[in-house]
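**Q** Provided below: my_file.cif, containing mmCIF, C-alpha atoms.
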```
data_final
#
loop_
_atom_site.label_atom_id
_atom_site.label_comp_id
_atom_site.auth_asym_id
_atom_site.auth_seq_id
_atom_site.Cartn_x
_atom_site.Cartn_y
_atom_site.Cartn_z
CA MET A 1 -19.21 19.90 -136.15
CA ASN A 2 -22.11 19.52 -138.52
CA ALA A 3 -23.57 22.78 -137.27
CA ASN A 4 -20.31 24.50 -137.95
CA LEU A 5 -20.29 23.22 -141.49
CA ILE A 6 -23.76 24.57 -142.08
CA THR A 7 -22.79 27.90 -140.68
CA ILE A 8 -19.65 28.09 -142.79
CA SER A 9 -21.56 27.19 -145.93
CA ILE A 10 -24.16 29.88 -145.23
CA LEU A 11 -21.42 32.41 -144.68
CA VAL A 12 -19.74 31.45 -147.92
CA ILE A 13 -23.01 31.89 -149.74
CA ASN A 14 -23.56 35.29 -148.19
CA VAL A 15 -20.06 36.40 -149.13
CA LEU A 16 -20.61 35.25 -152.68
CA ALA A 17 -23.90 37.19 -152.81
CA VAL A 18 -22.20 40.30 -151.55
CA LEU A 19 -19.44 39.89 -154.08
CA LEU A 20 -21.98 39.54 -156.81
CA LEU A 21 -23.77 42.67 -155.75
CA GLY A 22 -20.48 44.49 -155.68
CA LEU A 23 -19.77 43.30 -159.19
CA ILE A 24 -23.13 44.54 -160.36
CA LEU A 25 -22.53 47.92 -158.85
CA TYR A 26 -19.08 48.06 -160.48
CA LEU A 27 -20.52 47.30 -163.85
CA ILE A 28 -23.23 49.95 -163.38
CA LYS A 29 -20.63 52.48 -162.52
CA LYS A 30 -18.60 51.47 -165.49
CA GLU A 31 -21.58 52.01 -167.71
CA LYS A 32 -22.17 55.37 -166.20
CA ASP A 33 -18.65 56.29 -166.89
CA VAL A 34 -19.09 55.14 -170.46
CA LEU A 35 -22.20 57.22 -170.62
CA ASP A 36 -20.38 60.18 -169.28
CA ILE A 37 -17.69 59.63 -171.81
CA ASN A 38 -20.17 59.38 -174.58
CA LYS A 39 -22.05 62.50 -173.70
CA ASN A 40 -22.22 63.52 -177.15
CA LYS A 41 -24.15 60.63 -178.26
CA PRO A 42 -27.89 61.12 -178.50
CA GLU A 43 -29.55 60.53 -175.23
CA GLU A 44 -32.12 58.06 -176.34
CA GLU A 45 -29.58 55.85 -177.94
CA ILE A 46 -27.33 56.03 -175.11
CA ILE A 47 -30.15 55.22 -172.84
CA ARG A 48 -31.12 52.37 -175.03
CA GLU A 49 -27.68 51.00 -175.13
CA ALA A 50 -27.25 51.48 -171.46
CA ARG A 51 -30.51 49.86 -170.75
CA THR A 52 -29.68 46.97 -172.94
CA LYS A 53 -26.27 46.50 -171.46
CA SER A 54 -27.54 46.90 -167.92
CA GLU A 55 -30.36 44.50 -168.53
CA SER A 56 -27.94 41.98 -169.93
CA ILE A 57 -25.61 42.52 -167.08
CA ILE A 58 -28.37 42.25 -164.59
CA HIS A 59 -29.67 39.19 -166.35
CA ARG A 60 -26.25 37.64 -166.30
CA ALA A 61 -25.84 38.61 -162.57
CA ILE A 62 -29.18 37.27 -161.74
CA GLN A 63 -28.38 34.05 -163.49
CA LYS A 64 -25.10 33.80 -161.76
CA ALA A 65 -26.70 34.65 -158.41
CA GLN A 66 -29.43 32.13 -159.03
CA SER A 67 -26.91 29.49 -159.95
CA ILE A 68 -24.88 30.34 -156.91
CA ILE A 69 -27.98 30.33 -154.77
CA ALA A 70 -29.08 27.06 -156.28
CA ALA A 71 -25.65 25.62 -155.75
CA SER A 72 -25.58 26.87 -152.21
CA GLU A 73 -29.10 25.62 -151.65
CA LEU A 74 -28.10 22.29 -153.03
CA LYS A 75 -25.03 22.34 -150.98
CA GLY A 76 -27.00 23.35 -147.96
CA LEU A 77 -29.57 20.67 -148.58
CA LYS A 78 -26.85 18.22 -149.14
CA VAL A 79 -25.21 19.26 -145.91
CA VAL A 80 -28.50 19.15 -144.09
CA ALA A 81 -29.22 15.76 -145.47
CA GLU A 82 -25.81 14.56 -144.62
CA GLU A 83 -26.27 16.04 -141.22
CA LYS A 84 -29.57 14.34 -140.85
CA LEU A 85 -28.12 11.05 -141.87
CA THR A 86 -25.20 11.55 -139.62
CA GLY A 87 -27.49 12.59 -136.82
CA LYS A 88 -29.72 9.61 -137.35
CA LYS A 89 -26.71 7.41 -137.49
CA ILE A 90 -25.32 8.98 -134.35
CA ALA A 91 -28.68 8.76 -132.66
CA LYS A 92 -28.92 5.16 -133.71
CA GLU A 93 -25.46 4.43 -132.50
CA TYR A 94 -26.15 6.45 -129.38
CA LYS A 95 -29.33 4.59 -128.78
CA LYS A 96 -27.51 1.37 -129.33
CA GLY A 97 -24.80 2.45 -127.01
CA ILE A 98 -27.36 3.58 -124.47
CA GLU A 99 -29.15 0.30 -124.71
CA THR A 100 -25.89 -1.55 -124.29
CA LEU A 101 -24.99 0.68 -121.38
CA GLU A 102 -28.46 0.28 -120.01
CA GLY A 103 -28.12 -3.44 -120.19
CA GLU A 104 -24.73 -3.36 -118.61
CA LEU A 105 -25.92 -0.96 -115.95
CA LYS A 106 -28.98 -3.07 -115.36
CA ASP A 107 -26.84 -6.14 -114.96
CA LYS A 108 -24.46 -4.30 -112.71
CA PHE A 109 -27.33 -2.82 -110.74
CA GLU A 110 -28.94 -6.20 -110.37
CA THR A 111 -25.65 -7.67 -109.24
CA SER A 112 -25.08 -4.76 -106.85
CA SER A 113 -28.57 -4.86 -105.49
CA LYS A 114 -28.33 -8.60 -105.01
CA SER A 115 -25.05 -8.26 -103.24
CA ALA A 116 -26.42 -5.36 -101.23
CA GLU A 117 -29.49 -7.38 -100.37
CA HIS A 118 -27.31 -10.27 -99.45
CA ALA A 119 -25.09 -8.03 -97.35
CA TYR A 120 -28.13 -6.44 -95.76
CA GLN A 121 -29.56 -9.83 -94.97
CA GLU A 122 -26.31 -10.86 -93.41
CA PHE A 123 -26.20 -7.58 -91.50
CA ILE A 124 -29.74 -8.07 -90.29
CA GLU A 125 -28.98 -11.60 -89.19
CA THR A 126 -25.84 -10.42 -87.43
CA ILE A 127 -27.76 -7.65 -85.71
CA VAL A 128 -30.53 -10.01 -84.70
CA GLN A 129 -27.99 -12.42 -83.31
CA LYS A 130 -26.20 -9.70 -81.42
CA VAL A 131 -29.45 -8.27 -80.09
CA GLN A 132 -30.53 -11.71 -78.94
CA GLN A 133 -27.15 -12.21 -77.32
CA HIS A 134 -27.45 -8.83 -75.64
CA LEU A 135 -30.97 -9.51 -74.50
CA SER A 136 -30.10 -12.85 -73.08
CA GLY A 137 -26.99 -11.37 -71.49
CA ASN A 138 -29.00 -8.48 -70.05
CA GLN A 139 -31.64 -10.84 -68.80
CA LYS A 140 -29.03 -12.86 -67.05
CA VAL A 141 -27.44 -9.76 -65.57
CA LEU A 142 -30.86 -8.50 -64.53
CA GLU A 143 -31.70 -11.80 -62.91
CA ASP A 144 -28.38 -11.85 -61.07
CA LYS A 145 -28.77 -8.27 -59.90
CA ALA A 146 -32.37 -8.85 -58.89
CA GLN A 147 -31.28 -11.85 -56.88
CA ILE A 148 -28.50 -9.85 -55.23
CA PHE A 149 -30.96 -7.05 -54.48
CA ILE A 150 -33.50 -9.44 -53.04
CA ASP A 151 -30.86 -11.08 -50.86
CA SER A 152 -29.55 -7.74 -49.66
CA ALA A 153 -33.09 -6.46 -49.03
CA LYS A 154 -33.88 -9.59 -47.07
CA LYS A 155 -30.71 -9.18 -45.05
CA THR A 156 -31.40 -5.49 -44.44
CA LEU A 157 -34.98 -6.17 -43.45
CA THR A 158 -33.91 -8.91 -41.07
CA GLY A 159 -31.28 -6.63 -39.57
CA PHE A 160 -33.77 -3.77 -39.33
CA THR A 161 -36.35 -6.00 -37.71
CA ASN A 162 -33.82 -7.24 -35.17
CA GLU A 163 -32.64 -3.72 -34.50
CA MET A 164 -36.20 -2.46 -34.10
CA GLU A 165 -36.93 -5.35 -31.79
CA SER A 166 -33.93 -4.62 -29.59
CA THR A 167 -34.67 -0.87 -29.65
CA VAL A 168 -38.29 -1.42 -28.72
CA ARG A 169 -37.28 -3.89 -26.04
CA THR A 170 -34.73 -1.43 -24.64
CA GLN A 171 -37.26 1.39 -24.73
CA VAL A 172 -39.90 -0.74 -23.09
CA ASP A 173 -37.41 -1.75 -20.39
CA GLU A 174 -36.43 1.86 -19.88
CA GLU A 175 -40.05 2.93 -19.70
CA MET A 176 -40.75 0.14 -17.25
CA ALA A 177 -37.77 1.17 -15.11
CA LYS A 178 -38.87 4.81 -15.36
CA THR A 179 -42.39 3.87 -14.40
CA ARG A 180 -41.13 1.78 -11.49
CA ASN A 181 -39.02 4.72 -10.34
CA GLU A 182 -41.97 7.03 -10.67
CA ILE A 183 -44.09 4.62 -8.68
CA GLU A 184 -41.40 4.43 -6.01
CA GLU A 185 -41.10 8.21 -5.95
CA TYR A 186 -44.84 8.52 -5.77
CA LYS A 187 -44.87 6.05 -2.92
CA LYS A 188 -42.17 8.01 -1.12
CA LYS A 189 -43.96 11.28 -1.78
CA ARG A 190 -47.21 9.86 -0.50
CA GLN A 191 -45.33 8.48 2.46
CA ASN A 192 -43.90 11.92 3.21
CA ILE A 193 -47.26 13.58 2.73
CA LEU A 194 -48.82 10.99 5.00
CA ASP A 195 -46.08 11.58 7.55
CA GLU A 196 -46.78 15.28 7.50
CA LYS A 197 -50.48 14.72 7.48
CA ILE A 198 -50.10 12.37 10.42
CA VAL A 199 -48.59 15.22 12.41
CA ASP A 200 -51.44 17.53 11.37
CA ILE A 201 -53.99 14.83 12.10
CA LEU A 202 -52.46 14.21 15.50
CA GLU A 203 -52.42 17.92 16.11
CA GLU A 204 -56.09 18.24 15.24
CA VAL A 205 -56.96 15.20 17.35
CA LEU A 206 -55.06 16.65 20.28
CA LEU A 207 -56.70 20.03 19.69
CA LEU A 208 -60.07 18.40 19.96
CA THR A 209 -59.25 16.29 23.03
CA ILE A 210 -56.38 17.71 25.07
CA ASN A 211 -57.10 21.41 24.69
CA LYS A 212 -60.35 21.07 26.52
CA LYS A 213 -58.91 18.86 29.23
CA LEU A 214 -55.66 20.57 30.10
CA THR A 215 -55.64 22.92 33.07
CA LEU A 216 -54.17 26.39 32.92
CA ALA A 217 -51.35 25.22 35.12
CA ASP A 218 -50.51 22.45 32.65
CA GLN A 219 -50.69 24.94 29.83
CA SER A 220 -48.39 27.26 31.71
CA ASP A 221 -45.94 24.41 32.34
CA PHE A 222 -45.86 23.61 28.67
CA ILE A 223 -45.20 27.28 27.86
CA TYR A 224 -42.10 27.31 30.07
CA LYS A 225 -41.04 23.96 28.70
CA ALA A 226 -41.29 25.44 25.19
CA LEU A 227 -39.31 28.53 26.23
CA GLU A 228 -36.60 26.30 27.72
CA GLU A 229 -36.40 24.39 24.46
CA ALA A 230 -36.17 27.69 22.58
CA LYS A 231 -33.34 28.78 24.84
CA LYS A 232 -31.54 25.45 24.26
CA SER A 233 -31.89 25.84 20.54
CA HIS A 234 -30.36 29.37 20.75
CA ALA A 235 -33.47 31.04 19.40
CA PHE A 236 -32.80 34.12 21.57
CA GLN A 237 -29.37 34.80 20.13
CA MET B 1 -31.30 61.57 33.59
CA ASP B 2 -32.14 61.74 29.91
CA GLU B 3 -35.09 60.01 28.27
CA LYS B 4 -33.06 56.86 27.47
CA GLU B 5 -32.03 56.35 31.05
CA LEU B 6 -35.55 57.08 32.25
CA LEU B 7 -36.97 54.52 29.82
CA THR B 8 -34.36 51.96 30.90
CA GLN B 9 -35.41 52.48 34.50
CA LEU B 10 -39.04 51.98 33.58
CA VAL B 11 -38.27 48.89 31.50
CA THR B 12 -36.49 47.23 34.43
CA VAL B 13 -39.68 47.42 36.48
CA SER B 14 -42.01 46.49 33.60
CA TYR B 15 -42.47 43.31 31.58
CA THR B 16 -44.83 44.11 28.78
CA LYS B 17 -45.44 47.10 26.58
CA THR B 18 -48.90 47.39 28.08
CA ASP B 19 -47.31 47.59 31.52
CA LEU B 20 -44.99 50.32 30.42
CA THR B 21 -47.71 52.32 28.75
CA ARG B 22 -49.84 52.02 31.85
CA LYS B 23 -46.99 53.10 34.16
CA LEU B 24 -46.30 56.07 31.92
CA ARG B 25 -49.95 57.08 32.17
CA VAL B 26 -49.83 56.89 35.98
CA LEU B 27 -46.59 58.86 35.98
CA ARG B 28 -48.12 61.51 33.77
CA GLU B 29 -51.12 61.78 36.10
CA PHE B 30 -48.82 62.07 39.08
CA LEU B 31 -46.76 64.80 37.45
CA GLU B 32 -49.88 66.68 36.38
CA GLN B 33 -51.27 66.69 39.87
CA LYS B 34 -47.85 67.64 41.25
CA TYR B 35 -47.16 70.59 38.96
CA TYR B 36 -50.49 71.69 37.56
CA SER B 37 -53.04 71.22 40.33
CA ARG B 38 -53.45 72.32 43.85
CA GLY B 39 -52.95 68.68 45.10
CA GLY B 40 -49.20 68.37 45.40
CA GLN B 41 -49.42 64.90 46.87
CA THR B 42 -46.43 62.69 47.32
CA LEU B 43 -46.00 59.71 45.12
CA ALA B 44 -47.03 57.23 47.80
CA ASP B 45 -50.19 59.18 48.61
CA PHE B 46 -51.02 59.63 44.99
CA LEU B 47 -50.57 55.95 44.22
CA LYS B 48 -52.93 54.97 47.03
CA VAL B 49 -55.79 56.83 45.38
CA ALA B 50 -54.71 56.57 41.74
CA ASN B 51 -56.26 54.26 39.17
CA CYS B 52 -53.49 51.67 39.07
CA THR B 53 -52.71 48.19 40.26
CA LYS B 54 -50.69 47.31 43.29
CA GLU B 55 -47.97 45.94 41.11
CA ASP B 56 -47.76 49.21 39.17
CA ALA B 57 -47.71 51.17 42.40
CA SER B 58 -44.95 49.06 43.95
CA ALA B 59 -42.98 49.23 40.68
CA LEU B 60 -43.21 53.02 40.55
CA LEU B 61 -42.33 53.32 44.19
CA SER B 62 -39.27 51.12 43.65
CA LEU B 63 -37.83 53.65 41.22
CA LYS B 64 -35.02 55.86 42.56
CA SER B 65 -35.59 59.50 43.46
CA GLU B 66 -33.26 60.60 40.64
CA PHE B 67 -35.85 59.26 38.27
CA TYR B 68 -38.51 61.65 39.53
CA LYS B 69 -36.09 64.57 39.92
CA SER B 70 -35.57 64.49 36.16
CA PHE B 71 -39.12 65.76 35.67
CA THR B 72 -39.79 69.46 36.20
CA LYS B 73 -42.80 71.64 35.61
CA TYR B 74 -41.43 72.70 32.26
CA ASN B 75 -40.01 69.47 30.85
CA SER B 76 -42.53 66.91 32.04
CA TYR B 77 -44.66 66.75 28.93
CA PRO B 78 -41.80 66.92 26.43
CA LEU B 79 -39.86 64.32 28.36
CA LEU B 80 -42.83 61.99 28.59
CA ASN B 81 -43.41 62.36 24.84
CA LYS B 82 -39.77 61.54 24.14
CA ILE B 83 -40.01 58.49 26.34
CA ASN B 84 -43.11 57.39 24.38
CA ARG B 85 -41.33 57.84 21.07
CA LEU B 86 -38.33 55.88 22.30
CA LEU B 87 -40.61 53.14 23.55
CA ASN B 88 -42.08 52.74 20.05
CA LYS B 89 -38.58 52.29 18.65
CA GLU B 90 -37.54 49.72 21.22
CA GLU B 91 -37.22 46.08 20.18
CA ILE B 92 -40.17 44.09 21.37
CA ILE B 93 -40.57 40.33 21.57
CA HIS B 94 -44.02 39.29 20.41
CA VAL B 95 -45.05 36.25 22.39
CA TYR B 96 -47.97 34.17 21.12
CA LEU B 97 -49.79 32.28 23.87
CA PRO B 98 -52.62 29.80 23.61
CA TYR B 99 -54.66 31.60 26.27
CA GLU B 100 -54.93 34.94 28.11
CA MET B 101 -52.60 34.99 31.12
CA GLU B 102 -53.38 36.66 34.39
CA ASP B 103 -51.23 39.51 35.67
CA ALA B 104 -49.26 37.30 38.04
CA GLU B 105 -48.47 34.87 35.23
CA LYS B 106 -47.52 37.72 32.97
CA GLU B 107 -45.16 38.96 35.61
CA LYS B 108 -43.70 35.50 36.00
CA LEU B 109 -43.26 35.26 32.24
CA GLY B 110 -41.68 38.72 32.15
CA ILE B 111 -39.27 37.75 34.93
CA TRP B 112 -38.28 34.62 32.98
CA PHE B 113 -37.49 36.67 29.89
CA LYS B 114 -35.52 39.25 31.87
CA LYS B 115 -33.54 36.50 33.50
CA ASN B 116 -32.94 34.31 30.48
CA VAL B 117 -32.89 36.71 27.58
CA ASN B 118 -32.23 40.33 28.47
CA ASN B 119 -32.91 42.57 31.43
CA LYS B 120 -34.18 45.28 29.12
CA VAL B 121 -36.52 43.10 27.07
CA ILE B 122 -40.08 44.29 26.47
CA LEU B 123 -42.80 41.76 25.67
CA GLU B 124 -45.97 42.02 23.66
CA LEU B 125 -48.32 39.22 24.63
CA ILE B 126 -50.74 38.02 21.94
CA VAL B 127 -53.34 35.28 22.29
CA ASP B 128 -53.35 32.71 19.43
CA PRO B 129 -55.95 29.99 20.02
CA SER B 130 -54.54 27.91 17.12
CA LEU B 131 -51.51 27.15 19.28
CA ILE B 132 -51.94 23.95 21.17
CA LEU B 133 -49.60 23.72 24.13
CA GLY B 134 -46.39 25.65 24.35
CA CYS B 135 -45.99 29.05 22.71
CA ALA B 136 -44.51 30.89 19.77
CA PHE B 137 -42.60 34.15 19.57
CA ALA B 138 -41.12 36.58 17.08
CA TYR B 139 -37.66 37.88 17.97
CA LYS B 140 -35.45 40.07 15.77
CA GLY B 141 -37.80 39.55 12.84
CA VAL B 142 -37.79 35.73 13.09
CA TYR B 143 -40.84 33.73 14.07
CA HIS B 144 -40.23 30.66 16.26
CA ASN B 145 -42.94 28.10 16.86
CA PHE B 146 -42.51 26.06 20.02
CA SER B 147 -46.05 24.81 20.23
CA LEU B 148 -47.36 21.24 20.05
CA LYS B 149 -46.26 21.03 16.40
CA PHE B 150 -42.67 21.52 17.52
CA PHE B 151 -42.92 18.75 20.08
CA ILE B 152 -44.60 16.34 17.69
CA ASN B 153 -41.94 17.08 15.05
CA SER B 154 -39.25 16.35 17.62
CA TYR B 155 -40.74 12.90 18.10
CA ARG B 156 -41.68 12.34 14.45
CA GLN B 157 -39.48 9.29 13.92
CA ASP B 158 -40.76 7.66 17.11
CA ILE B 159 -44.36 8.43 16.15
CA ARG B 160 -43.79 6.95 12.68
CA LYS B 161 -42.31 3.78 14.14
CA LEU B 162 -45.25 3.55 16.50
CA LEU B 163 -47.73 3.91 13.66
CA ASP B 164 -45.81 1.42 11.48
CA ARG B 165 -45.89 -1.07 14.34
CA TYR B 166 -49.63 -0.62 14.64
CA ALA B 167 -50.03 -0.91 10.85
CA GLN B 168 -48.09 -4.21 10.73
CA ASN B 169 -49.80 -5.67 13.76
CA PRO B 170 -53.30 -4.26 13.72
#
```
Would it be possible to restate this file's structure as C-alpha cells?
**A**
Amino acid sequence: MNANLITISILVINVLAVLLLGLILYLIKKEKDVLDINKNKPEEEIIREARTKSESIIHRAIQKAQSIIAASELKGLKVVAEEKLTGKKIAKEYKKGIETLEGELKDKFETSSKSAEHAYQEFIETIVQKVQQHLSGNQKVLEDKAQIFIDSAKKTLTGFTNEMESTVRTQVDEEMAKTRNEIEEYKKKRQNILDEKIVDILEEVLLLTINKKLTLADQSDFIYKALEEAKKSHAFQ
Amino acid sequence: MDEKELLTQLVTVSYTKTDLTRKLRVLREFLEQKYYSRGGQTLADFLKVANCTKEDASALLSLKSEFYKSFTKYNSYPLLNKINRLLNKEEIIHVYLPYEMEDAEKEKLGIWFKKNVNNKVILELIVDPSLILGCAFAYKGVYHNFSLKFFINSYRQDIRKLLDRYAQNP
C-alpha cells in the first residue's frame, strides 16, 4: 500500500510537470501569434519584448515547476519517511509477533516433542515387552517342538533298529537255510558222482583183473547173455 | 532172378558183410572161369580148387540152380556190380565185440541174429577192447551198450547197499 502511494505521488508529479510544459508551450505560441500580429513593429523591439516576456514566463514556469518539484519532493520524502516509519513499525510489530509466535511455537514444539518422546518411550517399552513375550513364547514352543522331535526320533530309531535286527536275523536265517540246502545238494551231488565213479572204478578194477582171467568161452557166454538182455529190452525193434 | 533176389539168396547163406563180399568174389571168379576161360568147370569142381573156405564153398553149393542161371556171359559183370551196390545200401548191424571171434563163433553169432532178429540181417563185426564182457551194437542208427557197464548199472542199487554196508561196518 505504501508502495502504491509512492507510485501515485510520482505519477501526479509527472503529470503536473507535463502540464507545466504544455502551459509553457502554449504561452510561447501565444507570443508568437502576438509577434505575428505585430509584424509591423520593429523587429528588435519585438524581439526584445518577446524575449522579456518569454524570459518572465519561463522564469515564472521555472519557479512554479521548482515549487511543484519541491513540493513533490517534500511530499515524496514525507511519504518515504512515513513509509520508513511504517515499515519500521511493521517490522517491529512483525518481529514482536514473530518472537511471540516463536515462543509459542517453541513451547508447543517442546510440549509436542516431550509428548512424542513420552509416546516413543512407551512404544519402545511396549515393543520390548512384546518382543520379550514373543521370545519367551518362541523359546517355549521351540523347546516343546525339540522335545517332540527328540522323542519321535528316539522312537523311530528304536523302531528302525528293531526292524533292522529282525531283517538281518531273517536274512541270516535265510542264508543259513540256503547254505544248508546247498550243502545238502552238494552232498547229494557228490554222492551221485561217487556212485557213478564207483561204477567206473569197479569197471576199471574188473578190466584190470577179470579181463585177463576170463576165457574166450566165458567171454562168448557173456556176449550171448548181453544179446539176450538186448532182445528182452526190445533193442532190436 | 533180379539183383535183389540174388542178394537175398546170398544174405541167407552169409552172416557178415565180409562173408558176403568174399562169396561175391568167389562167385565172380567162378563166372569168369566159366564164361571167359577155357576151364568151364562145374561149381563143385571149381570150389574144390578155389581160394575159399569150406564154409563159403558149402554155402555157395547150397544155393539153388536158379541163382546161377541168372548169370549169363553178357550180364555177369553188370549183375555183380548191381549186387555190390545193393549190398552197400543194405542195413547193417555193427556189432562191437571185446575180442576177435573165430569163423565158427562168427557163424554162431550170425545164426543167432538171423534167428532172433531178422533172417536177412547183415552184421559188421568190430573189435572194441574197451568193452569188458558182453557186447555193444548199433542198429537203425542207435547205439546200444550191453557190456559190463550195463550189467553193473543193472545192479547199481545192490552195489551201493553193499558198499554202504562195508562203509558202516568197516
**Q** For chain A, report every residue with an atom at most 12 Å from chain B (counting all atoms listed in the file), formatted as a ChimeraX atom specification.
**A** /A:191-192,194-237
**Q** Apply the PyMOL selection byres ((chain B and resi 55-57) around 9) to the file shown and report the selected residues as a ChimeraX atom specification.
**A** /B:13-14,19,22-23,26,44,47-48,50,52-54,58-62
**Q** Translate the PyMOL selection byres ((chain B and resi 86) around 12), as applied to the file shown, into an explicit residue set as an mmCIF file with C-alpha atoms, keeping the file's coordinate frame.
**A**
```
data_model
loop_
_atom_site.group_PDB
_atom_site.id
_atom_site.type_symbol
_atom_site.label_atom_id
_atom_site.label_comp_id
_atom_site.auth_asym_id
_atom_site.auth_seq_id
_atom_site.Cartn_x
_atom_site.Cartn_y
_atom_site.Cartn_z
ATOM 1 C CA ASP B 2 -32.140 61.740 29.910
ATOM 2 C CA GLU B 3 -35.090 60.010 28.270
ATOM 3 C CA LYS B 4 -33.060 56.860 27.470
ATOM 4 C CA GLU B 5 -32.030 56.350 31.050
ATOM 5 C CA LEU B 6 -35.550 57.080 32.250
ATOM 6 C CA LEU B 7 -36.970 54.520 29.820
ATOM 7 C CA THR B 8 -34.360 51.960 30.900
ATOM 8 C CA LEU B 10 -39.040 51.980 33.580
ATOM 9 C CA VAL B 11 -38.270 48.890 31.500
ATOM 10 C CA LEU B 20 -44.990 50.320 30.420
ATOM 11 C CA THR B 21 -47.710 52.320 28.750
ATOM 12 C CA LEU B 79 -39.860 64.320 28.360
ATOM 13 C CA LEU B 80 -42.830 61.990 28.590
ATOM 14 C CA ASN B 81 -43.410 62.360 24.840
ATOM 15 C CA LYS B 82 -39.770 61.540 24.140
ATOM 16 C CA ILE B 83 -40.010 58.490 26.340
ATOM 17 C CA ASN B 84 -43.110 57.390 24.380
ATOM 18 C CA ARG B 85 -41.330 57.840 21.070
ATOM 19 C CA LEU B 87 -40.610 53.140 23.550
ATOM 20 C CA ASN B 88 -42.080 52.740 20.050
ATOM 21 C CA LYS B 89 -38.580 52.290 18.650
ATOM 22 C CA GLU B 90 -37.540 49.720 21.220
ATOM 23 C CA GLU B 91 -37.220 46.080 20.180
ATOM 24 C CA ILE B 92 -40.170 44.090 21.370
#
```
**Q** Take the PyMOL selection byres ((chain B and resi 77) around 12), run it mentally on this structure, and tell me the resulting residues as a ChimeraX atom specification.
**A** /B:3,24-25,27-32,35-36,70-76,78-84
**Q** What is the atom CA of Lys106 of chain A to atom CA of Tyr94 of chain A distance in Å?
**A**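 Computed distance, atom CA of Lys106 of chain A to atom CA of Tyr94 of chain A, equals 17.2 Å.
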**Q** Would you compute the distance between atom CA of Ile90 of chain A and atom CA of Asp107 of chain A? Give it in Å to one decimal.
**A**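 Between atom CA of Ile90 of chain A and atom CA of Asp107 of chain A the gap works out to 24.6 Å.
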**Q** Measure the distance from atom CA of Glu83 of chain A to atom CA of Gly103 of chain A in Å and round it to one decimal.
**A**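 A separation of 28.7 Å between them.
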**Q** Could you name the residues that touch Leu21 of chain A at 12 Å or less, counting all atoms listed in the file, but leaving out those on the same chain fewer than 5 positions away, as an MDAnalysis selection string?
**A** chainID A and resid 14:16 26:28 57:58 60:62 64:65
**Q** Let's have the selection written as a PDB file, in the coordinates of the input, with C-alpha atoms.
**A**
```pdb
ATOM      1  CA  ASN A  14     -23.560  35.290-148.190  1.00  0.00           C
ATOM      2  CA  VAL A  15     -20.060  36.400-149.130  1.00  0.00           C
ATOM      3  CA  LEU A  16     -20.610  35.250-152.680  1.00  0.00           C
ATOM      4  CA  TYR A  26     -19.080  48.060-160.480  1.00  0.00           C
ATOM      5  CA  LEU A  27     -20.520  47.300-163.850  1.00  0.00           C
ATOM      6  CA  ILE A  28     -23.230  49.950-163.380  1.00  0.00           C
ATOM      7  CA  ILE A  57     -25.610  42.520-167.080  1.00  0.00           C
ATOM      8  CA  ILE A  58     -28.370  42.250-164.590  1.00  0.00           C
ATOM      9  CA  ARG A  60     -26.250  37.640-166.300  1.00  0.00           C
ATOM     10  CA  ALA A  61     -25.840  38.610-162.570  1.00  0.00           C
ATOM     11  CA  ILE A  62     -29.180  37.270-161.740  1.00  0.00           C
ATOM     12  CA  LYS A  64     -25.100  33.800-161.760  1.00  0.00           C
ATOM     13  CA  ALA A  65     -26.700  34.650-158.410  1.00  0.00           C
TER      14      ALA A  65
END
```
**Q** Taking the block above, write segment 116-143 of chain B with C-alpha atoms as an mmCIF file, in the first residue's frame.
**A**
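After the write, out-v9.cif holds the following:
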```cif
data_model
loop_
_atom_site.group_PDB
_atom_site.id
_atom_site.type_symbol
_atom_site.label_atom_id
_atom_site.label_comp_id
_atom_site.auth_asym_id
_atom_site.auth_seq_id
_atom_site.Cartn_x
_atom_site.Cartn_y
_atom_site.Cartn_z
ATOM 1 C CA ASN B 116 16.306 -163.697 -33.178
ATOM 2 C CA VAL B 117 16.342 -160.528 -35.225
ATOM 3 C CA ASN B 118 15.876 -160.988 -38.956
ATOM 4 C CA ASN B 119 16.708 -163.666 -41.489
ATOM 5 C CA LYS B 120 18.088 -161.039 -43.840
ATOM 6 C CA VAL B 121 20.284 -159.256 -41.313
ATOM 7 C CA ILE B 122 23.900 -158.493 -42.239
ATOM 8 C CA LEU B 123 26.469 -157.984 -39.494
ATOM 9 C CA GLU B 124 29.628 -155.943 -39.353
ATOM 10 C CA LEU B 125 31.845 -157.227 -36.572
ATOM 11 C CA ILE B 126 34.174 -154.687 -34.941
ATOM 12 C CA VAL B 127 36.628 -155.343 -32.124
ATOM 13 C CA ASP B 128 36.478 -152.807 -29.239
ATOM 14 C CA PRO B 129 38.943 -153.700 -26.474
ATOM 15 C CA SER B 130 37.397 -151.076 -24.148
ATOM 16 C CA LEU B 131 34.362 -153.324 -23.799
ATOM 17 C CA ILE B 132 34.652 -155.579 -20.828
ATOM 18 C CA LEU B 133 32.335 -158.550 -21.066
ATOM 19 C CA GLY B 134 29.230 -158.557 -23.174
ATOM 20 C CA CYS B 135 28.982 -156.537 -26.372
ATOM 21 C CA ALA B 136 27.561 -153.405 -27.932
ATOM 22 C CA PHE B 137 25.822 -152.827 -31.240
ATOM 23 C CA ALA B 138 24.437 -150.082 -33.434
ATOM 24 C CA TYR B 139 21.063 -150.830 -35.005
ATOM 25 C CA LYS B 140 18.937 -148.396 -37.031
ATOM 26 C CA GLY B 141 21.226 -145.534 -36.052
ATOM 27 C CA VAL B 142 21.024 -146.230 -32.298
ATOM 28 C CA TYR B 143 23.981 -147.430 -30.267
#
```
